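Colleague: Questions regarding the structure given below will be posed in turn.
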Amino acid sequence: MTRQMTGAKMVVQALKDQGVDTVFGYPGGAVLPIYDEIFQQNDIRHILVRHEQGAVHAAEGYARSTGKVGVALVTSGPGATNAVTGLTDALLDSIPILVLTGQVPTFMIGSDAFQEADTVGITRPCTKHNWLAKDTDTLAETLHQAFHVAQSGRPGPVLVDIPKDVQFANGTYTAPEKSDTTIYQPETKGDITAINELVEAMEKAERPVFYTGGGVINSGPKASALLRELVEATGIPITSTLMGLGAYPASGENWLGMLGMHGLYEANMAMHDCDLMINIGARFDDRITGLISAFSPNSIKAHIDIDPSSINKVIKADIPIVGDVESVLTDILKVWKARGRTVNRDAIANWQSQISDWRKVECLKYVQEGKVIKPQYALSRLEALTKEHDRYITTEVGQHQMWAAQYLGFEDPNRWMTSGGLGTMGYGFPASIGAQVAHPDSLVINVAGEASWLMNMQEMGTAIQFRLPVKQFILNNERLGMVRQWQELLHGERYSHSWSEALPDFVKLAEAFGAKGIICSDPDDLDDAIMEMINYDGPVIFDCLVEKHENCFPMIPSGKPHNEMLLGEASTQGVIQAGGAVMV
Amino acid sequence: MAALKIKKGSTSHSAYNLRPTFSDEVETHTLAVLVDNEPGVLARVIGLFAGRGYNIESLTVAEVDHTGHMSRITIVTTGTPQVIEQIKAQLGRIVSVHDVHDLTVEGASVERELALFKVSGTGDKRVEALRLADIFRANAVDSTLESFVFELTGTPGKIDAFADLMRPLGLVEVARTGVAALSRGSE
């Protein structure tokens, strides 16, 4: 049966057919026909954001916390350009989102019309793929293809630019199952010879380590379950990137903690000293590798990735496996079991005892004394008081983000939303809104710094309007903490423009929006204040005044290898003289 | 924090000075890229080269299958072996790209380029230009009493050689198509 309808109606129909229940958006001239259709239906909920960047980050938060494609709808020109940061963020973190942009009518394209921008041109390098829909008859198929591309293979952001006349015109609707998706069919099954080679290496390895990333989470919950099975069965220790936290539980006994620039000492030392590194869905980002020429010098490196361009991009893979994590882990387990479930038990026991020695360094130790809250303490208390909750965490970008990754524990995938690749300040608040919309009854907390948080604070209006009880946990040090830290370490303590002056009174700000504001500056009051935040039924801005000059450790300084981490002042006090703070 | 012994002016000031020391031997490769003939597809391909800092020595593009809406882009590029591998992988993941062939490594191939040369001169130089054109099997496609336009097809090396010879004889202008290439044999 062919169905005739307007392009605008097709958009809404295609979203429904794709199972979309929520759209984050902001109206404008070039998308009015679509907004008119949204007005006349009740299946899709529209969340009105206060800035288009917020719409895209909210869609990311929604996508990351559900595994579904997040959808944002914005107008032409400034609406589209405001979406660019979110698109780039989603591209670097492989988050499946669809952004629909309005465009001036086809006959006006190229005339510098009001609110015209070359949207497909601007977004070509920051989307996985994009389309300019010039014809109503092919619009529906394009939308279905967009969903397909966003979530197949390595996920990513896609954009469909829809001129206003295409929205008004009538055309034939194509159902999802009638749409041609053969245009994009990435390989998901790993090469079995390479998988055999990896299993053989696993059987012999004396110091193996799993290094996992966001690819495990993108592959789906089954991939995380298979990973847990493999880790438990082999006893091989596991570390993860920032993006991969939660794929393996933080309470698991083989868990080393996060690795990388602000990763744990034991995780980075294990990476440096291992003889077999099994990279599953991570991409050897520069925050992970440190100095490449000194990166894990004596290991065989296996790399499982669905994107062939990730392999050999930075680090040469000895055993490259292109495929989807779930499929490849299924095959690895099958082969490993069939070959007799062998691992080098004695050697791995030695390896684990070596790791226990590294753990004794207690790289995350801090001293909470006096009347000023240490940010680490604030997060430790947040963890203790919320870990039993059905909890989703988002973050902004900076020191607080790294501390959150270090001090909060994630037991399940899709519970942790952070801007890893692009490092977008202003990501966390709208992302928390997206996560809360998807999980209305869960506790959603955005761990923020005051500077990042201010970048998208207008979304308080969204939180209030849609009764989204998101908790904004702001570690307020009145500084751009990470910038300040780098200036201290690398730029002669010249703190150029890295402090937050003229900050608002966050409690009054919350009240001005109709939310609750809490301020806490005394460590003794912290637990009660956090409980008050959790128990309040509505959005909260929690202004947690913390130590202003705390640095984030451990830290691998840029251009240094993993085994030259800097440990914190607290853990080096009395143990190492000031001159020897560079740990070897 | 001066205790951290990070030297003033050291390269570790930059977070991005982390490039590995891969083999730096630069190779030239000819890539055939089969793409959907749709608006923006060339921009996707050259945008990739510009955005990631890859080189383009020569680029030719035209529709090769009208009914299938397919175009063939032939790119001659240079880079270290690792960069060439990256270029191929990055091209391969563009949604509109169907196939990427590295003609330089996938067996023998033929490469041809067409060029037009405008040579102006009189007397001995004019005679010499015509004689050399004959040797190179170039055709004169336009002539006046003071000039010729020669058409020459051949490998890029042959075209370079002809240009070098024409330069002292009054070469005014050259137009080159860029390389078109196919693998040898029946497949």
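For the structure tokens, the naming scheme is as follows: chains receive sequential letters (A, B, ...) according to their order of presentation, residues are indexed from 1 within each chain, and ligands are indexed from 1 in presentation order.
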Can you tell me which residues surround Gly40 (chain B) at a distance of at most 12 Å, considering only C-alpha atoms, apart from same-chain residues fewer than 2 positions away, and format the answer as a ChimeraX atom specification?
Modeller: /A:118-125,129-132 /B:35-38,42-47,94-97
Colleague: Tell me which protein, DNA and RNA residues are within 10 Å of Asp543 (chain A), counting only C-alpha atoms, leaving out same-chain ones fewer than 3 positions away, and put them as a ChimeraX atom specification.
Modeller: /A:448-450,472-477,505-507,517-521,540,546
Colleague: Can I get the selection written as a short mmCIF file (atom, residue, chain, number, x, y, z; two decimals), in the first residue's frame, with N, CA and C atoms?
Modeller:
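And here's result_33.cif as it stands now:
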data_model
loop_
_atom_site.label_atom_id
_atom_site.label_comp_id
_atom_site.auth_asym_id
_atom_site.auth_seq_id
_atom_site.Cartn_x
_atom_site.Cartn_y
_atom_site.Cartn_z
N ALA A 448 29.56 18.20 37.83
CA ALA A 448 29.97 19.35 37.02
C ALA A 448 31.01 20.18 37.73
N GLY A 449 31.67 21.01 36.94
CA GLY A 449 32.46 22.10 37.49
C GLY A 449 31.65 23.36 37.25
N GLU A 450 31.89 24.38 38.04
CA GLU A 450 31.04 25.58 37.89
C GLU A 450 31.22 26.23 36.52
N GLN A 472 22.21 18.60 39.74
CA GLN A 472 23.43 19.23 39.22
C GLN A 472 24.43 19.34 40.37
N PHE A 473 25.36 18.42 40.41
CA PHE A 473 26.31 18.36 41.51
C PHE A 473 27.57 19.11 41.09
N ILE A 474 27.65 20.37 41.47
CA ILE A 474 28.73 21.24 40.99
C ILE A 474 29.87 21.30 42.00
N LEU A 475 31.04 20.82 41.59
CA LEU A 475 32.23 20.96 42.41
C LEU A 475 32.80 22.34 42.10
N ASN A 476 32.50 23.27 42.98
CA ASN A 476 32.81 24.67 42.69
C ASN A 476 34.14 25.06 43.32
N ASN A 477 35.16 25.18 42.46
CA ASN A 477 36.46 25.64 42.97
C ASN A 477 36.79 27.04 42.45
N ASP A 505 25.17 33.42 42.42
CA ASP A 505 24.79 32.71 43.65
C ASP A 505 23.93 31.53 43.18
N PHE A 506 24.50 30.32 43.23
CA PHE A 506 23.81 29.17 42.61
C PHE A 506 22.48 28.84 43.29
N VAL A 507 22.40 29.12 44.59
CA VAL A 507 21.14 28.84 45.28
C VAL A 507 20.05 29.78 44.77
N GLY A 517 18.03 25.00 45.39
CA GLY A 517 19.47 25.23 45.46
C GLY A 517 19.99 24.80 46.82
N ILE A 518 21.14 24.15 46.80
CA ILE A 518 21.79 23.73 48.05
C ILE A 518 23.23 24.19 47.98
N ILE A 519 23.70 24.79 49.06
CA ILE A 519 25.12 25.13 49.10
C ILE A 519 25.75 24.39 50.27
N CYS A 520 26.96 23.88 50.04
CA CYS A 520 27.63 23.14 51.10
C CYS A 520 29.11 23.46 51.07
N SER A 521 29.66 23.86 52.21
CA SER A 521 31.08 24.17 52.26
C SER A 521 31.79 23.44 53.39
N VAL A 540 17.78 19.99 41.17
CA VAL A 540 18.56 20.61 42.25
C VAL A 540 19.87 21.12 41.68
N VAL A 546 34.53 23.56 47.03
CA VAL A 546 35.63 22.64 47.31
C VAL A 546 36.97 23.37 47.31
#
Colleague: Could you pull the residues within 9 Å of Ala108 (chain B), counting only C-alpha atoms, minus those fewer than 3 positions along the same chain, as a CSV table (one decimal) with C-alpha atoms, in the first residue's frame?
Modeller:
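Output file result_22.csv is given in full below:
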chain,number,residue,atom,x,y,z
B,103,LEU,CA,46.3,-0.1,-8.0
B,104,THR,CA,49.9,0.3,-6.9
B,105,VAL,CA,49.9,-2.9,-4.7
B,182,LEU,CA,43.0,0.3,-14.4
B,183,SER,CA,44.4,-3.0,-13.3
B,184,ARG,CA,45.9,-5.2,-16.0
B,185,GLY,CA,44.4,-8.6,-16.9
Colleague: For chain A against chain B, which residues fall within 8 Å using only C-alpha atoms, given as a PyMOL selection string?
Modeller: chain A and resi 124-125+128-129+183-184+286+290-293+307-309+312-314+488-490+492+557-560+578-582
Colleague: Neighbours of region 9-11 of chain A within 10 Å (only C-alpha atoms; same-chain residues fewer than 3 positions away dropped), as a ChimeraX atom specification?
Modeller: /A:3-6,14-17,33-38,40,100,136-137,139-141,143-144,162,167-168,170-175
Colleague: With a distance cut-off of 12 Å and only C-alpha atoms, select the neighbouring residues of Asp134 (chain B), excluding the residue or stretch itself and same-chain residues fewer than 5 positions from it, and output the selection as a ChimeraX atom specification.
Modeller: /B:127-129,139-140,150-152,162
Colleague: Can you work out the spacing between CA of Glu326 (chain A) and CA of Arg415 (chain A) in Å, to one decimal?
Modeller: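 Atom-to-atom, CA of Glu326 (chain A) and CA of Arg415 (chain A) are spaced 18.9 Å apart.
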Colleague: Can you check which residues of region 4-163 of chain B DSSP gives as helix (DSSP H, G or I) on the backbone and send them as an MDAnalysis selection string?
Modeller: chainID B and resid 4 11:13 41:51 81:92 124:135 156:163
Colleague: When you look at Trp416 (chain A) with a cut-off of 8 Å (counting only C-alpha atoms), what residues show up, excluding the ones that are within fewer than 3 positions of it in the same chain? I need them as a list in words.
Modeller: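 Surrounding residues, per the criterion: Ser65, Leu245, Gly246, Tyr392, Ile393, Thr394, Phe410 and Pro413 of chain A.
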Colleague: Rounded to one decimal, what separation in Å do you get between CA of Asp160 (chain B) and CA of Gly121 (chain B)?
Modeller: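 So the two atoms, CA of Asp160 (chain B) and CA of Gly121 (chain B), lie 20.2 Å apart.
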Colleague: Could you give me, as a compact mmCIF listing (two decimals) with N, CA and C atoms, in the first residue's frame, the residues within 9 Å of region 229-244 of chain A, counting only C-alpha atoms and dropping anything in the same chain fewer than 4 positions from it?
Modeller:
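part-v7.txt, freshly written:
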# COMPACT_ATOMS: atom_id res chain seq x y z
N ASP A 93 32.76 10.33 19.95
CA ASP A 93 32.44 9.30 20.94
C ASP A 93 31.56 8.19 20.37
N MET A 202 46.36 -15.91 24.22
CA MET A 202 45.78 -15.83 25.57
C MET A 202 46.18 -17.04 26.41
N ARG A 207 51.46 -12.26 31.24
CA ARG A 207 51.02 -10.99 31.83
C ARG A 207 49.99 -10.33 30.92
N PRO A 208 48.84 -11.00 30.74
CA PRO A 208 47.84 -10.43 29.82
C PRO A 208 46.99 -9.35 30.49
N VAL A 209 46.45 -8.46 29.68
CA VAL A 209 45.51 -7.46 30.21
C VAL A 209 44.47 -7.14 29.13
N PHE A 210 43.22 -7.01 29.58
CA PHE A 210 42.17 -6.51 28.68
C PHE A 210 42.13 -5.00 28.80
N TYR A 211 42.08 -4.34 27.66
CA TYR A 211 41.97 -2.88 27.60
C TYR A 211 40.73 -2.59 26.78
N THR A 212 39.64 -2.23 27.45
CA THR A 212 38.35 -2.13 26.77
C THR A 212 37.89 -0.68 26.66
N GLY A 213 36.99 -0.43 25.71
CA GLY A 213 36.55 0.94 25.47
C GLY A 213 35.07 1.05 25.18
N GLY A 214 34.69 2.21 24.68
CA GLY A 214 33.29 2.49 24.41
C GLY A 214 32.66 1.55 23.41
N GLY A 215 33.49 0.88 22.60
CA GLY A 215 32.95 -0.06 21.62
C GLY A 215 32.19 -1.21 22.27
N VAL A 216 32.61 -1.60 23.48
CA VAL A 216 31.90 -2.69 24.17
C VAL A 216 30.48 -2.22 24.50
N ILE A 217 30.38 -0.98 24.97
CA ILE A 217 29.08 -0.46 25.35
C ILE A 217 28.22 -0.23 24.10
N SER A 224 28.75 -6.69 26.90
CA SER A 224 29.25 -6.52 28.27
C SER A 224 29.15 -7.85 29.03
N ALA A 225 28.04 -8.56 28.83
CA ALA A 225 27.86 -9.84 29.52
C ALA A 225 28.93 -10.84 29.08
N TYR A 248 32.56 -3.61 32.37
CA TYR A 248 32.92 -4.56 33.41
C TYR A 248 32.68 -3.87 34.74
N GLY A 252 34.08 -5.78 40.31
CA GLY A 252 34.63 -7.06 39.87
C GLY A 252 36.05 -7.26 40.36
N GLU A 253 36.44 -8.49 40.63
CA GLU A 253 37.74 -8.68 41.28
C GLU A 253 38.91 -8.49 40.31
N ASN A 254 38.66 -8.56 39.02
CA ASN A 254 39.75 -8.36 38.07
C ASN A 254 39.86 -6.91 37.58
N TRP A 255 39.08 -6.06 38.18
CA TRP A 255 39.01 -4.67 37.74
C TRP A 255 40.23 -3.87 38.21
N LEU A 256 40.88 -3.21 37.25
CA LEU A 256 42.06 -2.40 37.57
C LEU A 256 41.73 -0.92 37.69
N GLY A 257 40.54 -0.56 37.29
CA GLY A 257 40.21 0.87 37.23
C GLY A 257 40.52 1.43 35.86
N MET A 258 40.19 2.71 35.71
CA MET A 258 40.41 3.37 34.42
C MET A 258 41.90 3.54 34.15
N LEU A 259 42.27 3.55 32.87
CA LEU A 259 43.66 3.80 32.51
C LEU A 259 43.77 5.18 31.86
N GLY A 260 44.97 5.54 31.50
CA GLY A 260 45.17 6.76 30.72
C GLY A 260 45.76 7.90 31.53
N GLY A 263 44.39 7.96 34.71
CA GLY A 263 43.99 6.62 35.11
C GLY A 263 44.73 6.16 36.34
N ALA A 267 46.50 0.31 36.74
CA ALA A 267 46.03 0.08 35.36
C ALA A 267 47.12 0.46 34.36
N ASN A 268 47.73 1.61 34.57
CA ASN A 268 48.75 2.05 33.62
C ASN A 268 50.01 1.21 33.71
N ALA A 270 50.08 -1.93 34.55
CA ALA A 270 49.74 -3.21 33.91
C ALA A 270 49.81 -3.07 32.40
N MET A 271 49.36 -1.94 31.88
CA MET A 271 49.44 -1.72 30.44
C MET A 271 50.90 -1.65 29.98
N GLY A 281 37.41 -2.73 21.46
CA GLY A 281 36.56 -1.56 21.24
C GLY A 281 37.11 -0.26 21.80
N ALA A 282 38.42 -0.12 21.80
CA ALA A 282 39.04 1.15 22.17
C ALA A 282 39.95 1.57 21.02
N ILE A 288 45.30 7.95 26.22
CA ILE A 288 45.53 6.60 26.73
C ILE A 288 47.00 6.22 26.58
N LEU A 329 33.55 -11.53 20.61
CA LEU A 329 33.67 -12.16 21.93
C LEU A 329 32.98 -13.52 21.96
N ILE A 332 35.44 -15.79 20.36
CA ILE A 332 36.62 -16.03 21.22
C ILE A 332 36.27 -17.04 22.30
N LEU A 333 35.11 -16.83 22.95
CA LEU A 333 34.70 -17.75 24.01
C LEU A 333 34.50 -19.16 23.47
N ARG A 341 39.80 -24.45 27.49
CA ARG A 341 39.77 -23.43 28.54
C ARG A 341 41.11 -23.25 29.23
N THR A 342 42.17 -23.17 28.43
CA THR A 342 43.50 -23.08 29.01
C THR A 342 43.91 -21.63 29.23
N VAL A 343 44.50 -21.36 30.39
CA VAL A 343 45.29 -20.14 30.55
C VAL A 343 46.52 -20.52 31.36
N ARG A 345 47.87 -20.41 34.27
CA ARG A 345 47.38 -20.06 35.61
C ARG A 345 48.49 -19.56 36.55
N ILE A 348 49.75 -16.18 35.58
CA ILE A 348 48.74 -15.13 35.82
C ILE A 348 48.63 -14.85 37.32
N ALA A 349 48.81 -15.89 38.14
CA ALA A 349 48.79 -15.67 39.59
C ALA A 349 49.92 -14.73 40.01
N GLN A 352 49.01 -11.31 38.94
CA GLN A 352 48.03 -10.69 39.84
C GLN A 352 48.68 -10.23 41.14
N ILE A 355 50.28 -7.04 40.44
CA ILE A 355 49.26 -5.98 40.39
C ILE A 355 48.83 -5.58 41.80
N MET A 402 37.37 13.78 35.61
CA MET A 402 38.35 12.74 35.90
C MET A 402 38.15 12.19 37.31
N ALA A 405 35.32 9.84 37.25
CA ALA A 405 35.70 8.55 36.67
C ALA A 405 36.52 7.73 37.68
N PRO A 413 26.73 -1.19 32.07
CA PRO A 413 26.92 -0.29 30.93
C PRO A 413 25.77 0.71 30.82
N TRP A 416 26.85 5.78 32.35
CA TRP A 416 27.90 6.80 32.47
C TRP A 416 27.97 7.54 31.15
N MET A 417 27.66 8.84 31.18
CA MET A 417 27.64 9.64 29.97
C MET A 417 28.63 10.78 30.13
N THR A 418 29.66 10.80 29.31
CA THR A 418 30.65 11.86 29.43
C THR A 418 31.22 12.17 28.06
N SER A 419 31.73 13.37 27.89
CA SER A 419 32.29 13.76 26.61
C SER A 419 33.77 13.40 26.61
N GLY A 420 34.09 12.29 25.98
CA GLY A 420 35.46 11.78 26.05
C GLY A 420 36.36 12.33 24.95
N GLY A 421 35.97 12.12 23.71
CA GLY A 421 36.82 12.47 22.59
C GLY A 421 36.94 13.96 22.37
Colleague: Between CA of Leu468 (chain A) and CA of Asp528 (chain A), measure the distance and give it in Å to one decimal.
Modeller: 22.3 Å
Colleague: May I ask which of the residues B:Ile73, B:Leu114, B:Asp65, B:Thr153 is the closest one to Ala175 (chain B), counting only C-alpha atoms?
Modeller: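 Closest to Ala175 (chain B) of all the choices is B:Leu114.
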Colleague: So which bits of region 326-433 of chain A end up strand (DSSP E or B) when you DSSP the backbone, as an MDAnalysis selection string?
Modeller: chainID A and resid 373 391:395 416:417
Colleague: When you count only C-alpha atoms, which of these residues is closest to Cys363 (chain A): A:Leu567, A:Gln406, A:Ser219, A:Ile109?
Modeller: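 Counting only C-alpha atoms, the residue closest to Cys363 (chain A) is A:Leu567.
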